[in-house]
Amino acid sequence: MEKKHAGIIGIGSYVPEKVITNGDLEKIIDTSDTWIVERTGIRERRVVGAEQATSDLATIAAERALADAGVSAEELDLIIVATVTPDMVFPSVACLVQNNLKAVNAAAFDLTAVCSGFMYALVTGSTFIQTGMYKKILIIGAEALSTITDWTDRNTAILFGDGAGAAVLAEVPEGFGVLGVHLGAEGAGGDLLKMPAGGSRLPATAETVAQRLHYTRMDGNEVFKFAVKVMGEAVKQALEMANLTTADIDYLVPHQANIRIIQSAAKRVGMPMDKVVVNVDKYGNTSAASIPIALDEAVKDGKIKKGDTIAMVGFGGGLTWAASIVKWYK
């Protein structure tokens with residue numbers, strides 16, 4: 001059977017209304033706007049309201065992506081949500097979104113690859129399209145990281161924000177869509193970025209709560225070194241699979257974790273910063289949501305157009321990394 005070509009035919013995103021600026025953080029932890037901007041490039045981030053959860057963010061982003069694609073919820077065959085902040089352990093966010101959308105014909109599941117999650121979802125969904133098993137797939141990266149952020153920890157409280165981005169995948173003409181991918185993992189580095197408690201290893205107890213083990217823990221220096229190393233290499237591997245070179249890339253859409261990591265990755269790939277999509281200043285690190293939010297904004301702003309070749313790359317806890325090369329069809 002001839003392999004089909006899979007691509008994005010619609011995209012959408014959503015961020016909560018509530019804004020936390022660096023000035024707001026100055027009032028609760030020992031930090032400053034200057035210190036945060038110099039080291040991360042972040043100026044503000046969005047956080048969920050009291051009545052919002054990850055599925056709410058995901059649903060709005062999904063509705064916008066479906067509208068952009070001109071696809072009804074009933075046409076969907078599968079929904080994949082990449083997240084590390086599900087509303088609850090189960091049911092999955094994907095099943096909650098399926099119900100919200102009334103996507104009655106769609107199978108649904110979550111996947112966990114942290115900040116690489118949307119790329120993992122893109123590769124997974126594209127494979128279903130390429131084999132001919134499914135025709136319309138909704139992939140979503142959605143996070144409410146503020147709910148697992150320790151707002152007393154000056155090293156992590158400055159970094160994270162909430163939001164969601166979604167894309168509709170379908171068959172596209174030859175030459176468009178996903179041209180090359182690369183996925184990777186290094187489980188030996190799992191302790192560098194994790195939420196220690198809340199799973200079967202350390203179920204919730206009064207002690208785990210008192211020890212603040214239900215919040216994100218990170219070795220920032222080691223994660224930084226890991227990110228700088230793998231981001232550029234992942235793009236090169238995906239380009240090799242696509243039989244392309246850096247010269248063929250019109251835009252780089254990286255995971256929005258830290259401006260210095262983004263600049264370093266761009267340098268290693270050989271991309272000038274005016275060809276790199278950056279919005280980390282507005283939203284901080286939204287994990288699995290960061291790449292689709294940035295991609296959606298670049299498309300809506302008219303930066304990325306039909307026929308452009310884009311490279312997307314992320315890294316995250318696990319440790320994981322992922323990259324894809326996509327010829328934009330929308």
# chains A, B, ... in the order shown; residues from 1 in each chain; ligands from 1
>>> residues_around(residues="A:Thr112", least_positions_apart="2", cutoff="8 Å", atoms="only C-alpha atoms", output="ChimeraX atom specification")
/A:82-84,110,114,117
>>> write_last_selection(atoms="N, CA and C atoms", output="mmCIF file, in the first residue's frame")
data_model
loop_
_atom_site.group_PDB
_atom_site.id
_atom_site.type_symbol
_atom_site.label_atom_id
_atom_site.label_comp_id
_atom_site.auth_asym_id
_atom_site.auth_seq_id
_atom_site.Cartn_x
_atom_site.Cartn_y
_atom_site.Cartn_z
ATOM 1 N N ALA A 82 -1.149 15.837 24.504
ATOM 2 C CA ALA A 82 0.142 15.783 25.173
ATOM 3 C C ALA A 82 0.074 16.698 26.393
ATOM 4 N N THR A 83 0.270 16.126 27.578
ATOM 5 C CA THR A 83 0.198 16.930 28.806
ATOM 6 C C THR A 83 0.872 16.214 29.958
ATOM 7 N N VAL A 84 1.337 16.993 30.930
ATOM 8 C CA VAL A 84 1.801 16.429 32.203
ATOM 9 C C VAL A 84 0.960 16.973 33.349
ATOM 10 N N ASP A 110 -4.075 10.217 26.053
ATOM 11 C CA ASP A 110 -3.031 11.181 26.390
ATOM 12 C C ASP A 110 -1.669 10.537 26.189
ATOM 13 N N VAL A 114 6.381 15.400 28.215
ATOM 14 C CA VAL A 114 6.627 16.722 28.805
ATOM 15 C C VAL A 114 6.744 17.762 27.685
ATOM 16 N N GLY A 117 6.143 16.882 24.099
ATOM 17 C CA GLY A 117 4.890 16.171 23.884
ATOM 18 C C GLY A 117 4.185 16.456 22.581
#
>>> residues_around(residues="A:Gln52", least_positions_apart="2", cutoff="12 Å", atoms="only C-alpha atoms", output="PyMOL selection string")
chain A and resi 15-18+47-50+54-60+86-87+143-144+146-147+162-163
>>> select_by_dssp(residues="stretch 58-244 of chain A", states="strand (DSSP E or B)", output="PyMOL selection string")
chain A and resi 78-82+107-111+137-144+160+162-171+177-185+193-194+217-218
>>> residues_around(residues="stretch 251-253 of chain A", least_positions_apart="5", cutoff="6 Å", atoms="only C-alpha atoms", output="list of chain:residue names")
A:Lys275, A:Val276, A:Val277, A:Ile310, A:Ala311, A:Met312
>>> write_last_selection(atoms="C-alpha atoms", output="PDB file, in the first residue's frame")
ATOM      1  CA  LYS A 275      13.955  33.264  11.157  1.00  0.00           C
ATOM      2  CA  VAL A 276      13.245  31.892  14.641  1.00  0.00           C
ATOM      3  CA  VAL A 277       9.747  32.141  16.130  1.00  0.00           C
ATOM      4  CA  ILE A 310       9.591  24.822   9.007  1.00  0.00           C
ATOM      5  CA  ALA A 311      11.612  22.975  11.626  1.00  0.00           C
ATOM      6  CA  MET A 312      10.039  22.385  15.028  1.00  0.00           C
TER       7      MET A 312
END
>>> residues_around(residues="A:Tyr120", least_positions_apart="6", cutoff="12 Å", atoms="only C-alpha atoms", output="ChimeraX atom specification")
/A:80-83,110-114,126-127,139-141,181-185,288,291,312-316,320-324
>>> atom_distance(atom1="atom CA of A:Thr152", atom2="atom CA of A:Ile293")
27.2 Å
>>> atom_distance(atom1="atom CA of A:Met133", atom2="atom CA of A:Phe109")
16.2 Å
>>> closest_atom_pairs(of="stretch 82-166 of chain A", to="stretch 258-271 of chain A", cutoff="12 Å", atoms="only C-alpha atoms", output="CSV")
residue,atom,partner,partner_atom,distance
A:Thr156,CA,A:Asn258,CA,12.0
A:Ile158,CA,A:Asn258,CA,10.8
A:Leu159,CA,A:Asn258,CA,8.1
A:Phe160,CA,A:Asn258,CA,10.3
>>> residues_around(residues="A:Lys305", least_positions_apart="5", cutoff="9 Å", atoms="only C-alpha atoms", output="VMD selection string")
chain A and resid 299 328 to 330
>>> atom_distance(atom1="atom CA of A:Glu38", atom2="atom CA of A:Asn279")
15.2 Å
